[in-house]
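K.L.:
A single structure is presented below for examination.
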Amino acid sequence: MAEAFVYDHLRTPRGKGKAAGALHEVKPIDLVVGLLDEVRKRNPGFDPERVDDLVLGIVTPIAEQGGDLAKTAALAAGYPETVAGVQLNRFCASGLEAVNQAAARIRGGMEDLILAGGVESMSNVSMGSDGGPWAGDPTTALNTGFVPQGIGADLIATLEGWSREDVDAFAAESHHRAAKAWANGYFADAVVPVTDMNGVTVLDHDELVRPDTSVEGLAALKPSFAQMGRDGGFDSVALEKYHWVEKIDHVHHAGNSSGIVDGSALMAIGTEEIGHELGLTPRARFVSMAVSGADPTIMLTGPAPAARKALAKAGLEVGDIDLFEINEAFAAVAMRFMRDLDISHEITNVNGGAIAMGHPLGATGAMILGTLVDELERRDLRRGLATLCVGGGMGIATIVERV
Amino acid sequence: MSTTTEQTAVQYEKDADGIVTLTLDDPTASANTMNDLYTASMKAAVQHLHDELAADPESVKGVVIASAKKTFFAGGNLKNMVMAQPEDAPRIFAMAEDVKAPLRALEKLPVPVVAAINGAALGGGLEITLACNHRVCVDDPSVKLGLPEVTLGLLPGGGGVTRIVRMFGLQDGLMSVLLEGKQFKPSDAKEKGLVDELVATRDELVPAAKAWIKANPEASANPWDAPGYKMPGGTPKSPQLAAFLPVFPALLRQQTKGAVYPAPRAILAAAVEGAGKDFDTASRIESRYLTKLVTEQGSKNMIQAFFFDLQAINAGKLRPQGIAPWKATKVGVLGAGMMGAGIAYVCARAGMEVVLKDVEQANAEKGKAYTQGLNAKGVERGKLTQAQADELLGRITPAADPADLAGCDLVIEAVFEDPALKAKVFGEIAEHVTGHDRGDALLCSNTSTLPITELAEGVDRPADFIGLHFFSPVDKMPLVEIIRGEKTSDEALAKAYDVVQQIKKTPIVVNDSRGFYTSRVIGTMVNEGLAMVAEGVAPYSIERAGTQAGYPVGPLQLSDELNMELMAKIARATKDAAERDGAAYEPHPGVAVVEKMIEIERPSRLKGAGFYDYAEGRRGSMWSGLAEVFPVASEQPPIRDLKERMLFAEAIETAKCFEEGVIESAAAANIGSIMGIGFPAMTGGAAQYMTGYEAADGAIGLAAFVARADELAAAYGERFAPTDRLREMAANGESFPA
């Protein structure tokens, strides 16, 4: 079987996902086009004619993000007509799913070079605005016990006995780590500033990171899901299944949950031969990839089964992995993953995560895999595993190895 | 039409102005229902109108729908519905569509159509009127309008869901009309917008309808068929509603505490799905959900209890025949505690003169003040006027002197549960309630557990003595359990039945036994919950199993409220009686838990400490020390087992009550268990639960119940083993006597 290699990865900075955010004025397609331009520019041997497909994760593929944005972006970026494009949606895992599908197609010998990643301009196309029967169709919701994911995150913390202080401490640490990584330039290679049509910089850093974040400061924030849980009936729905629990302790809020942001990411994935041919240097090799699932009501415990599946497929143990990236959808999700796999925070999300930098839904998976590759290189380590919790109780995991 | 001799349930008559009146008048029944004759007649009538208009558009100026019966139209044919099985789905669906098609055609006629509502229009009756362009109703508060299908496990499948959603929007339509099945008085219906116009008398109905037609000759399209129609509050596709939609199902689950009632779920689904579609598609979706409800078991259970059983009991099914109806005029209530005060209130509300007697005049005054409090709330909520409240209160005379009971034709004793005390108070009043012109008073004892036959030994006229088991709070609880003692006469029983109906409660009749029917049965459910505590089941799981099964509260909260000291006392009395009678007594595993809770001084809400903590009378969390006394096991049973243990315990006790002759009617068991002790309504009651039991594999019936009882017996104890008689009934395909 052919191997799939990461040849390059790049991302935009993440702008606050609201009207006041720096990237609100930037069209989703332009976030992608900027990266498509840059990947050509900074890899002199990169020949767009050789690109088979552009695979983009987009979770809310409607309006400005609709109509197969991937193909439209390839055309807009001036890529040859032969470069196809496809959009996919695996909720929060879409960015990693895009990369995984690209890698699988390379390993399957079907194609040679694929650009994969994702985009989400959450300030322009709001999360959930694409509808769907899971939440919106009563029969489906009743049969499957739908509750919004924030309720699930709070339920995880409740079940584990994690207090508001515990989850806030994790959140503060995420900010400290991200601030340090930015200060030390760890993201310098990956982040491509967003510029306007005149080349004037719009944003060159992640807008959300706050180095001075503290547990004390976070304590002032109001829980985000308490009212929805109580007045919207969702706590009751969750506790039908988790019947031994008295009540859900609503510990998550805007400061210890992933930030709503705008951003895009791209990864160049190809065969060994294409690297030789185009003079590209492989950064890492895809070892294994997996998706799995767990209870859809608590929704966010899928990363552990996915990670175990990916490890088993590769014949590896948890101890064989040097660094982990778990998407910080909510503090309790990352904490639960560390507990499930019995791994230390010292080797997990070493440069912070989505609590500090934000979670542009369709792009995040590709971003954290890129961060993992960079950090393995910087620390001169061998293997890393990236994972995300996913709507519907799913989990996704990818193991990469430096070459 | 009018010239044919064929039988019809829809009379056609055209006046000189070209206005046609369709009169609903089923010649085969005293009320109009949606039977085959109606469907065919309505179809023919509407076809006739259509043909006339096609031939000459000026020939018909408008249509009035009226009724020749006392009620406007009674609704669906429930006898047929309960027979439907899943394999009948195509037929039921076609039938629903057949009923709706002429109404839709009527609605789309190019002339105005007006309903003239002379009497109750519930369910199908209201649905006929919703297809009209205008509704005129007689302003008589006894006339009820609404869509109560949900209370029978059904949905308004005659266009009700589709049209209500289009009239009021999803949220308002669901909340105020569809999901609770509320019945409106004409004035409330007018305020809600369910009817458009009220007239004072029935004679004014058709003239008013015709006047409206003449004044509004162009008003032939309902809003949803008119150009530019926008659904109030938006459709599910509009962003503001889409964002709010996910809470609908969640709130429904929260409201029922996790108990699954199929009908409101189907109504919600049909409403939401239909709201996003055109009228005819929505109407078809509505028919499909109706078909599902009709062919499944849930509606059969609820129709059995809330239609057939309740109707039979209201019609006097459990009352001895051939005894003239009786009405109490003056009641002496003995004991002005919480029960006595409540009984005095409901009697006064029913128009009786009430003497509320206690040992001290002050206590009696306090008991009367209870009515004052309820009145004040009623006036505040606009339920009664100050004058009505004053009159009601004026009927209650507080007293301390037994002589004040002179002239009473009814005595209801509600003192403490102590046979000696009860005998004493009856002795005090005996001479004052006999020999007057209304005859000797009926003597009733309100007791929840004491055998009536034994209490009868303490009164001078045992034939006139009977048990009336009221439930607390008396003003709210709809049931009264009538206990017939060994010596109670048929006449006394008939009178007691009439008294219960006179105070607007539902009677069930049981024969004497310790705990009668209701107290005896509820004890098994509570004990089952308590046994789980001893087994190490997580306490909140026990409580949620209770509410998910459909009980109003879980067994541990109930234990706190019932008071475990009282429960221990009852258990001791049961044990003593068994020893005295030489019967076998095996303590339920729950009894040891009661004893332990009393030993550690956590017996009740009353004492401020039970399974739960209570701060200033308010229930807080489960007591944090409970796990030290009753450790939670690492392995937990499936919650389905927990739920069924409670239901089966009560059902099997019910079967034993049948076998011992304590209860003789499935209707009494069903209504008594639902209205008295919170047996889950969606099961149709404790007898219907057995005969309509639906197993996990879909098997339905008593045999499935027996098989599951055997499983539970193997896993949790012999007390779940079905009796020999139950096995025999299951084998022979028998049911309990109706």
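Chains: A, B, ... in order of the structure tokens. Residues: from 1 per chain. Ligands: from 1, in order shown.
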What are the DSSP alpha helix (DSSP H) residues of stretch 614-694 of chain B, as a count of residues only?
P.N.:
43
K.L.:
Give the residues of chain A that lie within 7 Å of chain B; count only C-alpha atoms, and format the answer as JSON, numbers by chain.
P.N.:
{"A": [135, 136, 138, 139, 141, 142, 232, 233, 234, 236, 237, 240, 243, 244, 245, 246]}
K.L.:
So which residues touch stretch 49-60 of chain B within 12 Å, counting only C-alpha atoms, skipping near sequence neighbours fewer than 2 positions away, as a PyMOL selection string?
P.N.:
chain B and resi 1+12-22+42-47+62-64+102+105-113+213-214+217
K.L.:
Might you pull out every residue within 12 Å of B:Gly554, with only C-alpha atoms counted and same-chain residues fewer than 2 positions away left off, and present them as a PyMOL selection string?
P.N.:
chain B and resi 257+522+525-530+539-552+556-561+611-612+642-643+646+678-680
K.L.:
Would you list the contacts of A:Asp30 as a PDB file with all heavy atoms, in the first residue's frame, taking every protein, DNA or RNA residue within 12 Å and counting only C-alpha atoms, but skipping same-chain residues closer than 6 positions in sequence?
P.N.:
ATOM      1  N   THR A  12      -5.095  30.191   8.356  1.00  0.00           N
ATOM      2  CA  THR A  12      -5.270  31.621   8.606  1.00  0.00           C
ATOM      3  C   THR A  12      -5.196  31.843  10.109  1.00  0.00           C
ATOM      4  O   THR A  12      -5.364  30.900  10.882  1.00  0.00           O
ATOM      5  CB  THR A  12      -6.654  32.101   8.145  1.00  0.00           C
ATOM      6  OG1 THR A  12      -7.646  31.467   8.974  1.00  0.00           O
ATOM      7  CG2 THR A  12      -6.924  31.763   6.691  1.00  0.00           C
ATOM      8  N   LEU A  23     -12.113  39.193  10.890  1.00  0.00           N
ATOM      9  CA  LEU A  23     -12.337  38.459   9.639  1.00  0.00           C
ATOM     10  C   LEU A  23     -13.792  38.475   9.179  1.00  0.00           C
ATOM     11  O   LEU A  23     -14.132  37.852   8.179  1.00  0.00           O
ATOM     12  CB  LEU A  23     -11.850  37.011   9.780  1.00  0.00           C
ATOM     13  CG  LEU A  23     -10.352  36.846  10.051  1.00  0.00           C
ATOM     14  CD1 LEU A  23      -9.972  35.362  10.100  1.00  0.00           C
ATOM     15  CD2 LEU A  23      -9.514  37.575   8.988  1.00  0.00           C
ATOM     16  N   HIS A  24     -14.649  39.180   9.926  1.00  0.00           N
ATOM     17  CA  HIS A  24     -16.071  39.210   9.547  1.00  0.00           C
ATOM     18  C   HIS A  24     -16.261  39.780   8.145  1.00  0.00           C
ATOM     19  O   HIS A  24     -17.126  39.365   7.390  1.00  0.00           O
ATOM     20  CB  HIS A  24     -16.865  40.041  10.560  1.00  0.00           C
ATOM     21  CG  HIS A  24     -18.334  40.105  10.253  1.00  0.00           C
ATOM     22  ND1 HIS A  24     -19.117  38.978  10.167  1.00  0.00           N
ATOM     23  CD2 HIS A  24     -19.163  41.155   9.999  1.00  0.00           C
ATOM     24  CE1 HIS A  24     -20.366  39.337   9.871  1.00  0.00           C
ATOM     25  NE2 HIS A  24     -20.415  40.643   9.762  1.00  0.00           N
ATOM     26  N   LEU A  36      -4.792  28.982  -0.757  1.00  0.00           N
ATOM     27  CA  LEU A  36      -4.470  28.328  -2.041  1.00  0.00           C
ATOM     28  C   LEU A  36      -3.360  29.093  -2.763  1.00  0.00           C
ATOM     29  O   LEU A  36      -2.487  28.499  -3.394  1.00  0.00           O
ATOM     30  CB  LEU A  36      -5.724  28.251  -2.923  1.00  0.00           C
ATOM     31  CG  LEU A  36      -6.802  27.245  -2.508  1.00  0.00           C
ATOM     32  CD1 LEU A  36      -8.075  27.429  -3.341  1.00  0.00           C
ATOM     33  CD2 LEU A  36      -6.286  25.811  -2.631  1.00  0.00           C
ATOM     34  N   ASP A  37      -3.406  30.414  -2.655  1.00  0.00           N
ATOM     35  CA  ASP A  37      -2.337  31.252  -3.244  1.00  0.00           C
ATOM     36  C   ASP A  37      -1.010  30.974  -2.547  1.00  0.00           C
ATOM     37  O   ASP A  37       0.022  30.767  -3.182  1.00  0.00           O
ATOM     38  CB  ASP A  37      -2.672  32.739  -3.067  1.00  0.00           C
ATOM     39  CG  ASP A  37      -3.800  33.199  -3.989  1.00  0.00           C
ATOM     40  OD1 ASP A  37      -4.120  32.440  -4.933  1.00  0.00           O
ATOM     41  OD2 ASP A  37      -4.362  34.286  -3.739  1.00  0.00           O
ATOM     42  N   GLU A  64     -23.044  31.888   1.989  1.00  0.00           N
ATOM     43  CA  GLU A  64     -21.702  32.177   1.464  1.00  0.00           C
ATOM     44  C   GLU A  64     -20.791  30.958   1.478  1.00  0.00           C
ATOM     45  O   GLU A  64     -19.762  30.938   0.822  1.00  0.00           O
ATOM     46  CB  GLU A  64     -21.009  33.271   2.287  1.00  0.00           C
ATOM     47  CG  GLU A  64     -21.694  34.604   2.292  1.00  0.00           C
ATOM     48  CD  GLU A  64     -22.370  34.864   3.612  1.00  0.00           C
ATOM     49  OE1 GLU A  64     -23.331  34.109   3.934  1.00  0.00           O
ATOM     50  OE2 GLU A  64     -21.973  35.797   4.323  1.00  0.00           O
ATOM     51  N   GLN A  65     -21.182  29.942   2.284  1.00  0.00           N
ATOM     52  CA  GLN A  65     -20.360  28.733   2.346  1.00  0.00           C
ATOM     53  C   GLN A  65     -21.002  27.579   1.568  1.00  0.00           C
ATOM     54  O   GLN A  65     -20.545  26.443   1.664  1.00  0.00           O
ATOM     55  CB  GLN A  65     -20.150  28.329   3.815  1.00  0.00           C
ATOM     56  CG  GLN A  65     -19.328  29.365   4.562  1.00  0.00           C
ATOM     57  CD  GLN A  65     -19.069  29.069   6.015  1.00  0.00           C
ATOM     58  OE1 GLN A  65     -18.217  29.703   6.605  1.00  0.00           O
ATOM     59  NE2 GLN A  65     -19.785  28.126   6.599  1.00  0.00           N
ATOM     60  N   LEU A  69     -18.272  25.029  -2.058  1.00  0.00           N
ATOM     61  CA  LEU A  69     -17.294  26.121  -1.989  1.00  0.00           C
ATOM     62  C   LEU A  69     -15.904  25.679  -2.447  1.00  0.00           C
ATOM     63  O   LEU A  69     -15.129  26.487  -2.976  1.00  0.00           O
ATOM     64  CB  LEU A  69     -17.220  26.657  -0.545  1.00  0.00           C
ATOM     65  CG  LEU A  69     -16.380  27.919  -0.377  1.00  0.00           C
ATOM     66  CD1 LEU A  69     -17.174  29.137  -0.860  1.00  0.00           C
ATOM     67  CD2 LEU A  69     -15.954  28.115   1.068  1.00  0.00           C
ATOM     68  N   ALA A  70     -15.588  24.409  -2.267  1.00  0.00           N
ATOM     69  CA  ALA A  70     -14.236  23.932  -2.595  1.00  0.00           C
ATOM     70  C   ALA A  70     -13.923  24.137  -4.082  1.00  0.00           C
ATOM     71  O   ALA A  70     -12.898  24.715  -4.447  1.00  0.00           O
ATOM     72  CB  ALA A  70     -14.093  22.463  -2.204  1.00  0.00           C
ATOM     73  N   THR A  72     -15.495  26.060  -6.154  1.00  0.00           N
ATOM     74  CA  THR A  72     -15.555  27.489  -6.470  1.00  0.00           C
ATOM     75  C   THR A  72     -14.248  28.182  -6.079  1.00  0.00           C
ATOM     76  O   THR A  72     -13.724  29.028  -6.812  1.00  0.00           O
ATOM     77  CB  THR A  72     -16.743  28.142  -5.734  1.00  0.00           C
ATOM     78  OG1 THR A  72     -17.873  27.269  -5.802  1.00  0.00           O
ATOM     79  CG2 THR A  72     -17.106  29.473  -6.339  1.00  0.00           C
ATOM     80  N   ALA A  73     -13.695  27.794  -4.942  1.00  0.00           N
ATOM     81  CA  ALA A  73     -12.452  28.416  -4.457  1.00  0.00           C
ATOM     82  C   ALA A  73     -11.285  28.057  -5.367  1.00  0.00           C
ATOM     83  O   ALA A  73     -10.414  28.901  -5.651  1.00  0.00           O
ATOM     84  CB  ALA A  73     -12.178  27.978  -3.019  1.00  0.00           C
ATOM     85  N   ALA A  74     -11.258  26.804  -5.819  1.00  0.00           N
ATOM     86  CA  ALA A  74     -10.170  26.391  -6.724  1.00  0.00           C
ATOM     87  C   ALA A  74     -10.199  27.228  -7.995  1.00  0.00           C
ATOM     88  O   ALA A  74      -9.155  27.681  -8.481  1.00  0.00           O
ATOM     89  CB  ALA A  74     -10.297  24.901  -7.050  1.00  0.00           C
ATOM     90  N   LEU A  75     -11.411  27.429  -8.503  1.00  0.00           N
ATOM     91  CA  LEU A  75     -11.542  28.263  -9.701  1.00  0.00           C
ATOM     92  C   LEU A  75     -11.135  29.699  -9.410  1.00  0.00           C
ATOM     93  O   LEU A  75     -10.379  30.321 -10.155  1.00  0.00           O
ATOM     94  CB  LEU A  75     -12.986  28.237 -10.225  1.00  0.00           C
ATOM     95  CG  LEU A  75     -13.486  26.916 -10.822  1.00  0.00           C
ATOM     96  CD1 LEU A  75     -14.982  27.007 -11.125  1.00  0.00           C
ATOM     97  CD2 LEU A  75     -12.699  26.582 -12.100  1.00  0.00           C
ATOM     98  N   ALA A  76     -11.628  30.215  -8.264  1.00  0.00           N
ATOM     99  CA  ALA A  76     -11.351  31.610  -7.922  1.00  0.00           C
ATOM    100  C   ALA A  76      -9.859  31.844  -7.708  1.00  0.00           C
ATOM    101  O   ALA A  76      -9.347  32.931  -7.968  1.00  0.00           O
ATOM    102  CB  ALA A  76     -12.143  31.998  -6.677  1.00  0.00           C
ATOM    103  N   ALA A  77      -9.175  30.806  -7.223  1.00  0.00           N
ATOM    104  CA  ALA A  77      -7.743  30.952  -6.966  1.00  0.00           C
ATOM    105  C   ALA A  77      -6.920  30.739  -8.223  1.00  0.00           C
ATOM    106  O   ALA A  77      -5.688  30.793  -8.193  1.00  0.00           O
ATOM    107  CB  ALA A  77      -7.318  29.945  -5.891  1.00  0.00           C
ATOM    108  N   VAL A 119     -12.895  25.290   6.142  1.00  0.00           N
ATOM    109  CA  VAL A 119     -13.123  26.717   6.397  1.00  0.00           C
ATOM    110  C   VAL A 119     -14.444  26.871   7.147  1.00  0.00           C
ATOM    111  O   VAL A 119     -15.358  26.078   6.985  1.00  0.00           O
ATOM    112  CB  VAL A 119     -13.155  27.523   5.069  1.00  0.00           C
ATOM    113  CG1 VAL A 119     -14.318  27.074   4.179  1.00  0.00           C
ATOM    114  CG2 VAL A 119     -13.261  29.026   5.343  1.00  0.00           C
ATOM    115  N   GLU A 120     -14.490  27.886   8.000  1.00  0.00           N
ATOM    116  CA  GLU A 120     -15.760  28.242   8.629  1.00  0.00           C
ATOM    117  C   GLU A 120     -15.694  29.715   8.994  1.00  0.00           C
ATOM    118  O   GLU A 120     -14.799  30.150   9.718  1.00  0.00           O
ATOM    119  CB  GLU A 120     -15.998  27.402   9.893  1.00  0.00           C
ATOM    120  CG  GLU A 120     -17.468  27.222  10.227  1.00  0.00           C
ATOM    121  CD  GLU A 120     -18.155  26.120   9.396  1.00  0.00           C
ATOM    122  OE1 GLU A 120     -17.498  25.103   9.103  1.00  0.00           O
ATOM    123  OE2 GLU A 120     -19.332  26.290   9.039  1.00  0.00           O
ATOM    124  N   SER A 121     -16.608  30.456   8.446  1.00  0.00           N
ATOM    125  CA  SER A 121     -16.723  31.857   8.821  1.00  0.00           C
ATOM    126  C   SER A 121     -17.964  31.970   9.684  1.00  0.00           C
ATOM    127  O   SER A 121     -19.066  32.245   9.217  1.00  0.00           O
ATOM    128  CB  SER A 121     -16.840  32.750   7.576  1.00  0.00           C
ATOM    129  OG  SER A 121     -16.987  34.099   7.980  1.00  0.00           O
ATOM    130  N   VAL A 194      -4.095  37.120   6.823  1.00  0.00           N
ATOM    131  CA  VAL A 194      -5.151  37.400   5.855  1.00  0.00           C
ATOM    132  C   VAL A 194      -4.979  38.841   5.396  1.00  0.00           C
ATOM    133  O   VAL A 194      -4.843  39.751   6.219  1.00  0.00           O
ATOM    134  CB  VAL A 194      -6.540  37.194   6.486  1.00  0.00           C
ATOM    135  CG1 VAL A 194      -7.649  37.630   5.525  1.00  0.00           C
ATOM    136  CG2 VAL A 194      -6.723  35.724   6.885  1.00  0.00           C
ATOM    137  N   THR A 195      -4.970  39.027   4.067  1.00  0.00           N
ATOM    138  CA  THR A 195      -4.797  40.384   3.525  1.00  0.00           C
ATOM    139  C   THR A 195      -6.009  40.756   2.681  1.00  0.00           C
ATOM    140  O   THR A 195      -6.775  39.880   2.283  1.00  0.00           O
ATOM    141  CB  THR A 195      -3.539  40.459   2.629  1.00  0.00           C
ATOM    142  OG1 THR A 195      -3.690  39.499   1.585  1.00  0.00           O
ATOM    143  CG2 THR A 195      -2.293  40.164   3.425  1.00  0.00           C
ATOM    144  N   ASP A 196      -6.156  42.017   2.420  1.00  0.00           N
ATOM    145  CA  ASP A 196      -7.276  42.436   1.576  1.00  0.00           C
ATOM    146  C   ASP A 196      -6.880  42.425   0.105  1.00  0.00           C
ATOM    147  O   ASP A 196      -5.788  41.997  -0.252  1.00  0.00           O
ATOM    148  CB  ASP A 196      -7.810  43.808   2.019  1.00  0.00           C
ATOM    149  CG  ASP A 196      -6.853  44.944   1.646  1.00  0.00           C
ATOM    150  OD1 ASP A 196      -5.789  44.662   1.038  1.00  0.00           O
ATOM    151  OD2 ASP A 196      -7.157  46.108   1.984  1.00  0.00           O
ATOM    152  N   MET A 197      -7.736  42.912  -0.756  1.00  0.00           N
ATOM    153  CA  MET A 197      -7.498  42.857  -2.201  1.00  0.00           C
ATOM    154  C   MET A 197      -6.288  43.683  -2.630  1.00  0.00           C
ATOM    155  O   MET A 197      -5.761  43.519  -3.709  1.00  0.00           O
ATOM    156  CB  MET A 197      -8.747  43.336  -2.928  1.00  0.00           C
ATOM    157  CG  MET A 197      -9.091  44.784  -2.618  1.00  0.00           C
ATOM    158  SD  MET A 197     -10.745  45.252  -3.157  1.00  0.00           S
ATOM    159  CE  MET A 197     -11.737  44.730  -1.806  1.00  0.00           C
ATOM    160  N   VAL A 202      -5.208  42.226   7.041  1.00  0.00           N
ATOM    161  CA  VAL A 202      -6.457  42.346   7.793  1.00  0.00           C
ATOM    162  C   VAL A 202      -6.271  41.760   9.186  1.00  0.00           C
ATOM    163  O   VAL A 202      -6.701  42.320  10.188  1.00  0.00           O
ATOM    164  CB  VAL A 202      -7.617  41.646   7.049  1.00  0.00           C
ATOM    165  CG1 VAL A 202      -8.912  41.711   7.868  1.00  0.00           C
ATOM    166  CG2 VAL A 202      -7.820  42.260   5.675  1.00  0.00           C
ATOM    167  N   ASP A 262     -13.648  32.769  13.005  1.00  0.00           N
ATOM    168  CA  ASP A 262     -13.562  32.606  11.554  1.00  0.00           C
ATOM    169  C   ASP A 262     -12.153  32.135  11.218  1.00  0.00           C
ATOM    170  O   ASP A 262     -11.178  32.635  11.794  1.00  0.00           O
ATOM    171  CB  ASP A 262     -13.796  33.952  10.848  1.00  0.00           C
ATOM    172  CG  ASP A 262     -15.148  34.568  11.205  1.00  0.00           C
ATOM    173  OD1 ASP A 262     -16.069  33.812  11.597  1.00  0.00           O
ATOM    174  OD2 ASP A 262     -15.266  35.807  11.099  1.00  0.00           O
ATOM    175  N   GLY A 263     -12.054  31.186  10.282  1.00  0.00           N
ATOM    176  CA  GLY A 263     -10.708  30.766   9.899  1.00  0.00           C
ATOM    177  C   GLY A 263     -10.735  29.638   8.898  1.00  0.00           C
ATOM    178  O   GLY A 263     -11.783  29.050   8.611  1.00  0.00           O
ATOM    179  N   SER A 264      -9.568  29.355   8.356  1.00  0.00           N
ATOM    180  CA  SER A 264      -9.446  28.308   7.347  1.00  0.00           C
ATOM    181  C   SER A 264      -8.094  27.623   7.487  1.00  0.00           C
ATOM    182  O   SER A 264      -7.145  28.201   8.035  1.00  0.00           O
ATOM    183  CB  SER A 264      -9.584  28.933   5.953  1.00  0.00           C
ATOM    184  OG  SER A 264      -9.440  27.949   4.954  1.00  0.00           O
TER     185      SER A 264
END
K.L.:
Find the spatial neighbours of B:Phe705, counting only C-alpha atoms, within a cut-off of 7 Å - ignore same-chain residues fewer than 4 positions away - and output them as a VMD selection string.
P.N.:
chain B and resid 690 693 701 709
K.L.:
Write a file of the selected residues as an mmCIF file, in the first residue's frame, keeping C-alpha atoms.
P.N.:
data_model
loop_
_atom_site.group_PDB
_atom_site.id
_atom_site.type_symbol
_atom_site.label_atom_id
_atom_site.label_comp_id
_atom_site.auth_asym_id
_atom_site.auth_seq_id
_atom_site.Cartn_x
_atom_site.Cartn_y
_atom_site.Cartn_z
ATOM 1 C CA MET B 690 -52.146 -6.490 32.598
ATOM 2 C CA TYR B 693 -49.358 -5.271 28.514
ATOM 3 C CA GLY B 701 -51.759 -9.232 26.303
ATOM 4 C CA ALA B 709 -43.903 -11.510 35.699
#
K.L.:
For A:Arg210, which residue among A:Gly255, A:Gly279, A:Gly370, A:Gly150 is the nearest when counting only C-alpha atoms?
P.N.:
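Comparing A:Gly255, A:Gly279, A:Gly370, A:Gly150 against A:Arg210, the winner is A:Gly255.
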K.L.:
Tell me, which residues of stretch 492-698 of chain B carry DSSP strand (DSSP E), written as a PyMOL selection string?
P.N.:
chain B and resi 506-511+612-615+618-622
K.L.:
Using only N, CA, C and O atoms, please write the residues we just selected to a file, as a compact mmCIF listing (two decimals), in the first residue's frame.
P.N.:
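Output file part.txt follows:
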# COMPACT_ATOMS: atom_id res chain seq x y z
N THR B 506 -65.59 11.04 41.32
CA THR B 506 -65.82 9.76 40.67
C THR B 506 -65.75 8.65 41.72
O THR B 506 -64.75 8.53 42.42
N PRO B 507 -66.81 7.83 41.81
CA PRO B 507 -66.79 6.76 42.81
C PRO B 507 -66.25 5.44 42.24
O PRO B 507 -66.46 5.13 41.08
N ILE B 508 -65.54 4.70 43.09
CA ILE B 508 -65.37 3.28 42.79
C ILE B 508 -65.88 2.54 44.02
O ILE B 508 -65.90 3.09 45.13
N VAL B 509 -66.34 1.32 43.82
CA VAL B 509 -66.90 0.55 44.93
C VAL B 509 -66.02 -0.66 45.16
O VAL B 509 -65.68 -1.38 44.21
N VAL B 510 -65.62 -0.86 46.41
CA VAL B 510 -64.80 -2.04 46.74
C VAL B 510 -65.40 -2.71 47.97
O VAL B 510 -66.14 -2.09 48.74
N ASN B 511 -65.03 -3.97 48.12
CA ASN B 511 -65.46 -4.67 49.32
C ASN B 511 -64.40 -4.55 50.39
O ASN B 511 -63.25 -4.24 50.12
N TYR B 612 -35.03 12.49 51.67
CA TYR B 612 -34.57 13.81 51.26
C TYR B 612 -34.31 14.69 52.48
O TYR B 612 -34.83 14.43 53.58
N ASP B 613 -33.54 15.72 52.27
CA ASP B 613 -33.40 16.78 53.27
C ASP B 613 -34.53 17.78 53.04
O ASP B 613 -34.97 18.00 51.92
N TYR B 614 -34.96 18.37 54.15
CA TYR B 614 -36.00 19.40 54.03
C TYR B 614 -35.55 20.63 54.79
O TYR B 614 -35.20 20.54 55.96
N ALA B 615 -35.50 21.74 54.09
CA ALA B 615 -35.15 22.98 54.75
C ALA B 615 -36.37 23.89 54.68
O ALA B 615 -36.88 24.16 53.60
N ARG B 618 -39.22 22.82 52.55
CA ARG B 618 -38.97 22.61 51.12
C ARG B 618 -38.07 21.40 50.92
O ARG B 618 -37.05 21.26 51.60
N ARG B 619 -38.44 20.56 49.97
CA ARG B 619 -37.62 19.39 49.69
C ARG B 619 -36.34 19.80 48.99
O ARG B 619 -36.36 20.58 48.05
N GLY B 620 -35.23 19.31 49.52
CA GLY B 620 -33.94 19.61 48.91
C GLY B 620 -33.43 18.38 48.18
O GLY B 620 -34.18 17.68 47.52
N SER B 621 -32.13 18.11 48.33
CA SER B 621 -31.54 16.95 47.67
C SER B 621 -31.75 15.71 48.52
O SER B 621 -32.14 15.78 49.67
N MET B 622 -31.44 14.58 47.91
CA MET B 622 -31.43 13.32 48.64
C MET B 622 -30.40 13.47 49.77
O MET B 622 -29.34 14.06 49.60
K.L.:
Give me the residues near stretch 330-346 of chain A as a list in words, where near means some atom within 6 Å (using only C-alpha atoms) and where sequence neighbours in that chain fewer than 2 positions away do not count.
P.N.:
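So, after excluding close chain neighbours, the residues are Ala157, Val167, Asn256, Ser257, Ser258, Ala304, Ile326, Glu328 and Thr348 of chain A.
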